[in-house]
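Asker: The structure under discussion is supplied below as structure tokens; questions concerning it will follow.
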Amino acid sequence: MEDGHVKIDFLGGSPTDNVSTLPTEVGDVEMHMFMYEKSVTKAFMVAYCDYPSEMINESEGAQGLLQGAKNGALTNLGITEPEQEKIIELDSHPGLFFTGSNGQYYVTYEVYLVNNRLYQVAILRDGSYASKEDVKGFIGSFELIKDEEG
């Protein structure tokens, strides 16, 4: 997949894409989501949305927005607390890695803020966490595409 200024390998699969509108404190934002369900127990997801710059400032900067994305993702899956969490970065852009489980679904997740665009990259499994090979092959293949300006 090469869309939204990123490149990622869906491990041989073709993702479906969907655009939805998310209400925020400073107006609606469009979320672009690409999902590949490899099997009934494993799905790969990349999503991005562009936030107004005033929202990034109001949410205590990049880490506030990344924490909000983490909390939203975990809440949507019925997960109360992350099992692992660490601050990461991608090409000097701030990011957050976390994992969590609700006893049935297990998620391995990375979120990045590149200027005002929030990227989310995740593997969702039923019954266990993603294998190291899937994490390396899918999440590890996520990269920003440099445009002609930079």
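By convention in this document, the chains of the structure tokens carry letters A, B, ... by their order, each chain's residues are numbered from 1, and ligands are numbered from 1 in the order they are shown.
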Pick out each residue of chain A that DSSP on the backbone tags as alpha helix (DSSP H); I need them as a list in words.

Answerer: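 Secondary structure check on chain A, alpha helix (DSSP H): Ser53, Glu54, Met55, Ile56, Asn57, Glu58, Gly61, Ala62, Gln63, Gly64, Leu65, Leu66, Gln67, Gly68, Ala69, Lys70, Asn71, Gly72, Ala73, Leu74, Thr75, Asn76, Lys132, Glu133, Asp134, Val135, Lys136 and Gly137 of chain A.
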
Asker: Residues within 12 Å of Val40 (chain A), please, as number ranges by chain. Count only C-alpha atoms; anything in the same chain fewer than 5 positions from it doesn't count.

Answerer: A: 105, 124-127

Asker: Find the spatial neighbours of Val107 (chain A), counting only C-alpha atoms, within a cut-off of 10 Å - ignore same-chain residues fewer than 4 positions away - and output them as a VMD selection string.

Answerer: chain A and resid 42 to 44 73 to 74 77 79 82 to 83 98 to 102 122 to 126 128 to 130

Asker: Write down as a PDB file with N, CA and C atoms, in the first residue's frame the residues of chain A whose backbone DSSP state falls under strand (DSSP E).

Answerer:
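Done, and the output landed in part_26.pdb:
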ATOM      1  N   GLU A   2       0.599   2.159  -0.858  1.00  0.00           N
ATOM      2  CA  GLU A   2       1.262   3.452  -0.869  1.00  0.00           C
ATOM      3  C   GLU A   2       0.177   4.503  -0.993  1.00  0.00           C
ATOM      4  N   ASP A   3      -0.243   5.046   0.144  1.00  0.00           N
ATOM      5  CA  ASP A   3      -1.295   6.059   0.164  1.00  0.00           C
ATOM      6  C   ASP A   3      -1.098   6.874   1.431  1.00  0.00           C
ATOM      7  N   VAL A   6       2.581   7.236   2.947  1.00  0.00           N
ATOM      8  CA  VAL A   6       3.257   6.142   3.636  1.00  0.00           C
ATOM      9  C   VAL A   6       3.289   4.914   2.741  1.00  0.00           C
ATOM     10  N   LYS A   7       4.179   4.003   3.107  1.00  0.00           N
ATOM     11  CA  LYS A   7       4.267   2.723   2.420  1.00  0.00           C
ATOM     12  C   LYS A   7       4.277   1.645   3.491  1.00  0.00           C
ATOM     13  N   THR A  16      -8.923  -3.331   2.201  1.00  0.00           N
ATOM     14  CA  THR A  16     -10.080  -2.541   1.792  1.00  0.00           C
ATOM     15  C   THR A  16      -9.923  -1.177   2.452  1.00  0.00           C
ATOM     16  N   ASP A  17     -10.443  -0.153   1.791  1.00  0.00           N
ATOM     17  CA  ASP A  17     -10.318   1.169   2.377  1.00  0.00           C
ATOM     18  C   ASP A  17     -11.686   1.745   2.685  1.00  0.00           C
ATOM     19  N   ASN A  18     -11.702   2.579   3.711  1.00  0.00           N
ATOM     20  CA  ASN A  18     -12.934   3.162   4.201  1.00  0.00           C
ATOM     21  C   ASN A  18     -12.612   4.551   4.733  1.00  0.00           C
ATOM     22  N   VAL A  19     -13.509   5.497   4.499  1.00  0.00           N
ATOM     23  CA  VAL A  19     -13.354   6.837   5.035  1.00  0.00           C
ATOM     24  C   VAL A  19     -14.544   7.102   5.944  1.00  0.00           C
ATOM     25  N   SER A  20     -14.261   7.567   7.163  1.00  0.00           N
ATOM     26  CA  SER A  20     -15.331   7.899   8.088  1.00  0.00           C
ATOM     27  C   SER A  20     -15.045   9.263   8.706  1.00  0.00           C
ATOM     28  N   THR A  21     -16.069   9.875   9.247  1.00  0.00           N
ATOM     29  CA  THR A  21     -15.940  11.186   9.862  1.00  0.00           C
ATOM     30  C   THR A  21     -15.949  11.041  11.375  1.00  0.00           C
ATOM     31  N   LEU A  22     -14.964  11.665  12.017  1.00  0.00           N
ATOM     32  CA  LEU A  22     -14.853  11.626  13.468  1.00  0.00           C
ATOM     33  C   LEU A  22     -15.111  13.024  14.027  1.00  0.00           C
ATOM     34  N   PRO A  23     -16.046  13.154  14.943  1.00  0.00           N
ATOM     35  CA  PRO A  23     -16.247  14.465  15.566  1.00  0.00           C
ATOM     36  C   PRO A  23     -15.136  14.739  16.584  1.00  0.00           C
ATOM     37  N   THR A  24     -14.617  15.958  16.585  1.00  0.00           N
ATOM     38  CA  THR A  24     -13.612  16.368  17.567  1.00  0.00           C
ATOM     39  C   THR A  24     -14.042  17.696  18.178  1.00  0.00           C
ATOM     40  N   GLY A  27     -14.050  20.422  15.459  1.00  0.00           N
ATOM     41  CA  GLY A  27     -14.691  20.103  14.181  1.00  0.00           C
ATOM     42  C   GLY A  27     -14.423  18.673  13.753  1.00  0.00           C
ATOM     43  N   ASP A  28     -15.104  18.275  12.694  1.00  0.00           N
ATOM     44  CA  ASP A  28     -14.981  16.914  12.180  1.00  0.00           C
ATOM     45  C   ASP A  28     -13.662  16.717  11.441  1.00  0.00           C
ATOM     46  N   VAL A  29     -13.103  15.505  11.557  1.00  0.00           N
ATOM     47  CA  VAL A  29     -11.933  15.107  10.776  1.00  0.00           C
ATOM     48  C   VAL A  29     -12.269  13.806  10.055  1.00  0.00           C
ATOM     49  N   GLU A  30     -11.659  13.621   8.888  1.00  0.00           N
ATOM     50  CA  GLU A  30     -11.856  12.390   8.122  1.00  0.00           C
ATOM     51  C   GLU A  30     -10.779  11.384   8.491  1.00  0.00           C
ATOM     52  N   MET A  31     -11.211  10.143   8.805  1.00  0.00           N
ATOM     53  CA  MET A  31     -10.266   9.061   9.053  1.00  0.00           C
ATOM     54  C   MET A  31     -10.276   8.133   7.845  1.00  0.00           C
ATOM     55  N   HIS A  32      -9.088   7.901   7.306  1.00  0.00           N
ATOM     56  CA  HIS A  32      -8.898   6.977   6.191  1.00  0.00           C
ATOM     57  C   HIS A  32      -8.337   5.692   6.770  1.00  0.00           C
ATOM     58  N   MET A  33      -9.065   4.588   6.605  1.00  0.00           N
ATOM     59  CA  MET A  33      -8.661   3.323   7.202  1.00  0.00           C
ATOM     60  C   MET A  33      -8.496   2.263   6.111  1.00  0.00           C
ATOM     61  N   PHE A  34      -7.401   1.524   6.222  1.00  0.00           N
ATOM     62  CA  PHE A  34      -7.097   0.428   5.307  1.00  0.00           C
ATOM     63  C   PHE A  34      -6.975  -0.832   6.153  1.00  0.00           C
ATOM     64  N   MET A  35      -7.804  -1.830   5.849  1.00  0.00           N
ATOM     65  CA  MET A  35      -7.876  -3.038   6.666  1.00  0.00           C
ATOM     66  C   MET A  35      -7.733  -4.263   5.776  1.00  0.00           C
ATOM     67  N   TYR A  36      -6.903  -5.208   6.229  1.00  0.00           N
ATOM     68  CA  TYR A  36      -6.773  -6.492   5.570  1.00  0.00           C
ATOM     69  C   TYR A  36      -7.007  -7.573   6.610  1.00  0.00           C
ATOM     70  N   GLU A  37      -8.073  -8.333   6.427  1.00  0.00           N
ATOM     71  CA  GLU A  37      -8.369  -9.448   7.318  1.00  0.00           C
ATOM     72  C   GLU A  37      -7.747 -10.698   6.707  1.00  0.00           C
ATOM     73  N   LYS A  38      -6.592 -11.055   7.237  1.00  0.00           N
ATOM     74  CA  LYS A  38      -5.858 -12.205   6.700  1.00  0.00           C
ATOM     75  C   LYS A  38      -6.589 -13.508   6.969  1.00  0.00           C
ATOM     76  N   SER A  39      -7.256 -13.577   8.122  1.00  0.00           N
ATOM     77  CA  SER A  39      -8.041 -14.758   8.484  1.00  0.00           C
ATOM     78  C   SER A  39      -9.116 -14.304   9.457  1.00  0.00           C
ATOM     79  N   LYS A  42      -7.116 -12.833  12.457  1.00  0.00           N
ATOM     80  CA  LYS A  42      -6.016 -11.879  12.332  1.00  0.00           C
ATOM     81  C   LYS A  42      -6.355 -10.792  11.319  1.00  0.00           C
ATOM     82  N   ALA A  43      -6.154  -9.528  11.741  1.00  0.00           N
ATOM     83  CA  ALA A  43      -6.393  -8.391  10.845  1.00  0.00           C
ATOM     84  C   ALA A  43      -5.257  -7.391  10.977  1.00  0.00           C
ATOM     85  N   PHE A  44      -4.940  -6.750   9.862  1.00  0.00           N
ATOM     86  CA  PHE A  44      -3.915  -5.710   9.800  1.00  0.00           C
ATOM     87  C   PHE A  44      -4.602  -4.402   9.440  1.00  0.00           C
ATOM     88  N   MET A  45      -4.217  -3.290  10.110  1.00  0.00           N
ATOM     89  CA  MET A  45      -4.891  -2.028   9.895  1.00  0.00           C
ATOM     90  C   MET A  45      -3.896  -0.871   9.870  1.00  0.00           C
ATOM     91  N   VAL A  46      -4.115   0.036   8.929  1.00  0.00           N
ATOM     92  CA  VAL A  46      -3.425   1.324   8.895  1.00  0.00           C
ATOM     93  C   VAL A  46      -4.502   2.378   8.746  1.00  0.00           C
ATOM     94  N   ALA A  47      -4.400   3.442   9.524  1.00  0.00           N
ATOM     95  CA  ALA A  47      -5.363   4.538   9.415  1.00  0.00           C
ATOM     96  C   ALA A  47      -4.610   5.851   9.585  1.00  0.00           C
ATOM     97  N   TYR A  48      -5.173   6.897   8.992  1.00  0.00           N
ATOM     98  CA  TYR A  48      -4.608   8.220   9.222  1.00  0.00           C
ATOM     99  C   TYR A  48      -5.711   9.260   9.171  1.00  0.00           C
ATOM    100  N   CYS A  49      -5.487  10.348   9.879  1.00  0.00           N
ATOM    101  CA  CYS A  49      -6.386  11.495   9.822  1.00  0.00           C
ATOM    102  C   CYS A  49      -5.574  12.757  10.088  1.00  0.00           C
ATOM    103  N   ASP A  50      -6.038  13.834   9.508  1.00  0.00           N
ATOM    104  CA  ASP A  50      -5.392  15.129   9.657  1.00  0.00           C
ATOM    105  C   ASP A  50      -6.172  15.950  10.663  1.00  0.00           C
ATOM    106  N   GLN A  84       1.743  -3.262  27.521  1.00  0.00           N
ATOM    107  CA  GLN A  84       3.058  -2.655  27.304  1.00  0.00           C
ATOM    108  C   GLN A  84       2.828  -1.273  26.720  1.00  0.00           C
ATOM    109  N   GLU A  85       3.755  -0.355  26.974  1.00  0.00           N
ATOM    110  CA  GLU A  85       3.669   0.975  26.373  1.00  0.00           C
ATOM    111  C   GLU A  85       5.053   1.598  26.380  1.00  0.00           C
ATOM    112  N   LYS A  86       5.460   2.186  25.257  1.00  0.00           N
ATOM    113  CA  LYS A  86       6.728   2.914  25.237  1.00  0.00           C
ATOM    114  C   LYS A  86       6.680   3.996  24.161  1.00  0.00           C
ATOM    115  N   ILE A  87       7.397   5.062  24.439  1.00  0.00           N
ATOM    116  CA  ILE A  87       7.518   6.170  23.492  1.00  0.00           C
ATOM    117  C   ILE A  87       8.519   5.763  22.419  1.00  0.00           C
ATOM    118  N   ILE A  88       8.156   5.993  21.160  1.00  0.00           N
ATOM    119  CA  ILE A  88       9.005   5.637  20.018  1.00  0.00           C
ATOM    120  C   ILE A  88       9.038   6.828  19.071  1.00  0.00           C
ATOM    121  N   GLU A  89       9.759   6.692  17.984  1.00  0.00           N
ATOM    122  CA  GLU A  89       9.690   7.709  16.936  1.00  0.00           C
ATOM    123  C   GLU A  89       9.958   7.081  15.583  1.00  0.00           C
ATOM    124  N   LEU A  90       9.543   7.800  14.546  1.00  0.00           N
ATOM    125  CA  LEU A  90       9.720   7.375  13.157  1.00  0.00           C
ATOM    126  C   LEU A  90      10.253   8.573  12.395  1.00  0.00           C
ATOM    127  N   HIS A  93       9.819  11.769  14.122  1.00  0.00           N
ATOM    128  CA  HIS A  93       8.445  12.141  14.478  1.00  0.00           C
ATOM    129  C   HIS A  93       8.026  11.333  15.701  1.00  0.00           C
ATOM    130  N   PRO A  94       7.300  11.967  16.640  1.00  0.00           N
ATOM    131  CA  PRO A  94       6.928  11.276  17.878  1.00  0.00           C
ATOM    132  C   PRO A  94       5.933  10.143  17.645  1.00  0.00           C
ATOM    133  N   GLY A  95       6.087   9.088  18.438  1.00  0.00           N
ATOM    134  CA  GLY A  95       5.189   7.948  18.323  1.00  0.00           C
ATOM    135  C   GLY A  95       5.004   7.252  19.655  1.00  0.00           C
ATOM    136  N   LEU A  96       4.104   6.292  19.642  1.00  0.00           N
ATOM    137  CA  LEU A  96       3.793   5.519  20.831  1.00  0.00           C
ATOM    138  C   LEU A  96       3.504   4.084  20.408  1.00  0.00           C
ATOM    139  N   PHE A  97       4.144   3.134  21.067  1.00  0.00           N
ATOM    140  CA  PHE A  97       3.899   1.701  20.856  1.00  0.00           C
ATOM    141  C   PHE A  97       3.152   1.188  22.076  1.00  0.00           C
ATOM    142  N   PHE A  98       2.139   0.354  21.845  1.00  0.00           N
ATOM    143  CA  PHE A  98       1.462  -0.275  22.973  1.00  0.00           C
ATOM    144  C   PHE A  98       0.814  -1.576  22.545  1.00  0.00           C
ATOM    145  N   THR A  99       0.586  -2.433  23.537  1.00  0.00           N
ATOM    146  CA  THR A  99      -0.149  -3.679  23.338  1.00  0.00           C
ATOM    147  C   THR A  99      -1.214  -3.758  24.416  1.00  0.00           C
ATOM    148  N   GLY A 100      -2.241  -4.555  24.149  1.00  0.00           N
ATOM    149  CA  GLY A 100      -3.281  -4.756  25.139  1.00  0.00           C
ATOM    150  C   GLY A 100      -4.209  -5.877  24.729  1.00  0.00           C
ATOM    151  N   SER A 101      -4.979  -6.355  25.702  1.00  0.00           N
ATOM    152  CA  SER A 101      -5.900  -7.455  25.453  1.00  0.00           C
ATOM    153  C   SER A 101      -7.125  -7.315  26.341  1.00  0.00           C
ATOM    154  N   TYR A 105      -9.474 -10.432  22.317  1.00  0.00           N
ATOM    155  CA  TYR A 105      -8.729  -9.729  21.269  1.00  0.00           C
ATOM    156  C   TYR A 105      -7.430  -9.195  21.823  1.00  0.00           C
ATOM    157  N   TYR A 106      -6.378  -9.352  21.048  1.00  0.00           N
ATOM    158  CA  TYR A 106      -5.042  -8.895  21.414  1.00  0.00           C
ATOM    159  C   TYR A 106      -4.575  -7.935  20.327  1.00  0.00           C
ATOM    160  N   VAL A 107      -4.120  -6.760  20.730  1.00  0.00           N
ATOM    161  CA  VAL A 107      -3.728  -5.759  19.757  1.00  0.00           C
ATOM    162  C   VAL A 107      -2.279  -5.337  19.990  1.00  0.00           C
ATOM    163  N   THR A 108      -1.551  -5.198  18.887  1.00  0.00           N
ATOM    164  CA  THR A 108      -0.213  -4.627  18.868  1.00  0.00           C
ATOM    165  C   THR A 108      -0.331  -3.367  18.018  1.00  0.00           C
ATOM    166  N   TYR A 109       0.068  -2.214  18.558  1.00  0.00           N
ATOM    167  CA  TYR A 109      -0.324  -0.930  17.992  1.00  0.00           C
ATOM    168  C   TYR A 109       0.832   0.047  18.010  1.00  0.00           C
ATOM    169  N   GLU A 110       0.950   0.841  16.952  1.00  0.00           N
ATOM    170  CA  GLU A 110       1.844   1.990  16.932  1.00  0.00           C
ATOM    171  C   GLU A 110       1.067   3.179  16.393  1.00  0.00           C
ATOM    172  N   VAL A 111       1.278   4.343  16.992  1.00  0.00           N
ATOM    173  CA  VAL A 111       0.696   5.594  16.492  1.00  0.00           C
ATOM    174  C   VAL A 111       1.833   6.605  16.351  1.00  0.00           C
ATOM    175  N   TYR A 112       1.754   7.436  15.307  1.00  0.00           N
ATOM    176  CA  TYR A 112       2.757   8.461  15.039  1.00  0.00           C
ATOM    177  C   TYR A 112       2.062   9.758  14.688  1.00  0.00           C
ATOM    178  N   LEU A 113       2.656  10.859  15.080  1.00  0.00           N
ATOM    179  CA  LEU A 113       2.178  12.174  14.681  1.00  0.00           C
ATOM    180  C   LEU A 113       3.240  12.794  13.788  1.00  0.00           C
ATOM    181  N   VAL A 114       2.855  13.016  12.530  1.00  0.00           N
ATOM    182  CA  VAL A 114       3.739  13.631  11.544  1.00  0.00           C
ATOM    183  C   VAL A 114       3.101  14.956  11.164  1.00  0.00           C
ATOM    184  N   ARG A 117      -0.745  15.135  10.991  1.00  0.00           N
ATOM    185  CA  ARG A 117      -1.350  13.862  10.567  1.00  0.00           C
ATOM    186  C   ARG A 117      -1.013  12.774  11.573  1.00  0.00           C
ATOM    187  N   LEU A 118      -2.068  12.102  12.059  1.00  0.00           N
ATOM    188  CA  LEU A 118      -1.920  10.992  12.991  1.00  0.00           C
ATOM    189  C   LEU A 118      -2.040   9.684  12.217  1.00  0.00           C
ATOM    190  N   TYR A 119      -1.009   8.851  12.303  1.00  0.00           N
ATOM    191  CA  TYR A 119      -1.014   7.523  11.686  1.00  0.00           C
ATOM    192  C   TYR A 119      -1.206   6.475  12.774  1.00  0.00           C
ATOM    193  N   GLN A 120      -2.011   5.462  12.473  1.00  0.00           N
ATOM    194  CA  GLN A 120      -2.205   4.332  13.371  1.00  0.00           C
ATOM    195  C   GLN A 120      -1.916   3.049  12.589  1.00  0.00           C
ATOM    196  N   VAL A 121      -1.115   2.185  13.168  1.00  0.00           N
ATOM    197  CA  VAL A 121      -0.738   0.919  12.536  1.00  0.00           C
ATOM    198  C   VAL A 121      -0.974  -0.171  13.577  1.00  0.00           C
ATOM    199  N   ALA A 122      -1.754  -1.197  13.215  1.00  0.00           N
ATOM    200  CA  ALA A 122      -2.117  -2.190  14.231  1.00  0.00           C
ATOM    201  C   ALA A 122      -2.303  -3.580  13.640  1.00  0.00           C
ATOM    202  N   ILE A 123      -2.050  -4.555  14.507  1.00  0.00           N
ATOM    203  CA  ILE A 123      -2.395  -5.947  14.220  1.00  0.00           C
ATOM    204  C   ILE A 123      -3.350  -6.389  15.325  1.00  0.00           C
ATOM    205  N   LEU A 124      -4.495  -6.895  14.930  1.00  0.00           N
ATOM    206  CA  LEU A 124      -5.504  -7.384  15.866  1.00  0.00           C
ATOM    207  C   LEU A 124      -5.611  -8.892  15.700  1.00  0.00           C
ATOM    208  N   ARG A 125      -5.476  -9.612  16.804  1.00  0.00           N
ATOM    209  CA  ARG A 125      -5.574 -11.071  16.786  1.00  0.00           C
ATOM    210  C   ARG A 125      -6.629 -11.535  17.758  1.00  0.00           C
ATOM    211  N   ASP A 126      -7.223 -12.648  17.444  1.00  0.00           N
ATOM    212  CA  ASP A 126      -8.178 -13.309  18.338  1.00  0.00           C
ATOM    213  C   ASP A 126      -7.431 -14.450  19.014  1.00  0.00           C
ATOM    214  N   GLU A 143       6.643   2.938   6.561  1.00  0.00           N
ATOM    215  CA  GLU A 143       7.593   4.021   6.357  1.00  0.00           C
ATOM    216  C   GLU A 143       6.939   5.202   5.676  1.00  0.00           C
ATOM    217  N   LEU A 144       7.482   6.373   5.975  1.00  0.00           N
ATOM    218  CA  LEU A 144       7.005   7.601   5.354  1.00  0.00           C
ATOM    219  C   LEU A 144       7.603   7.716   3.970  1.00  0.00           C
TER     220      LEU A 144
END
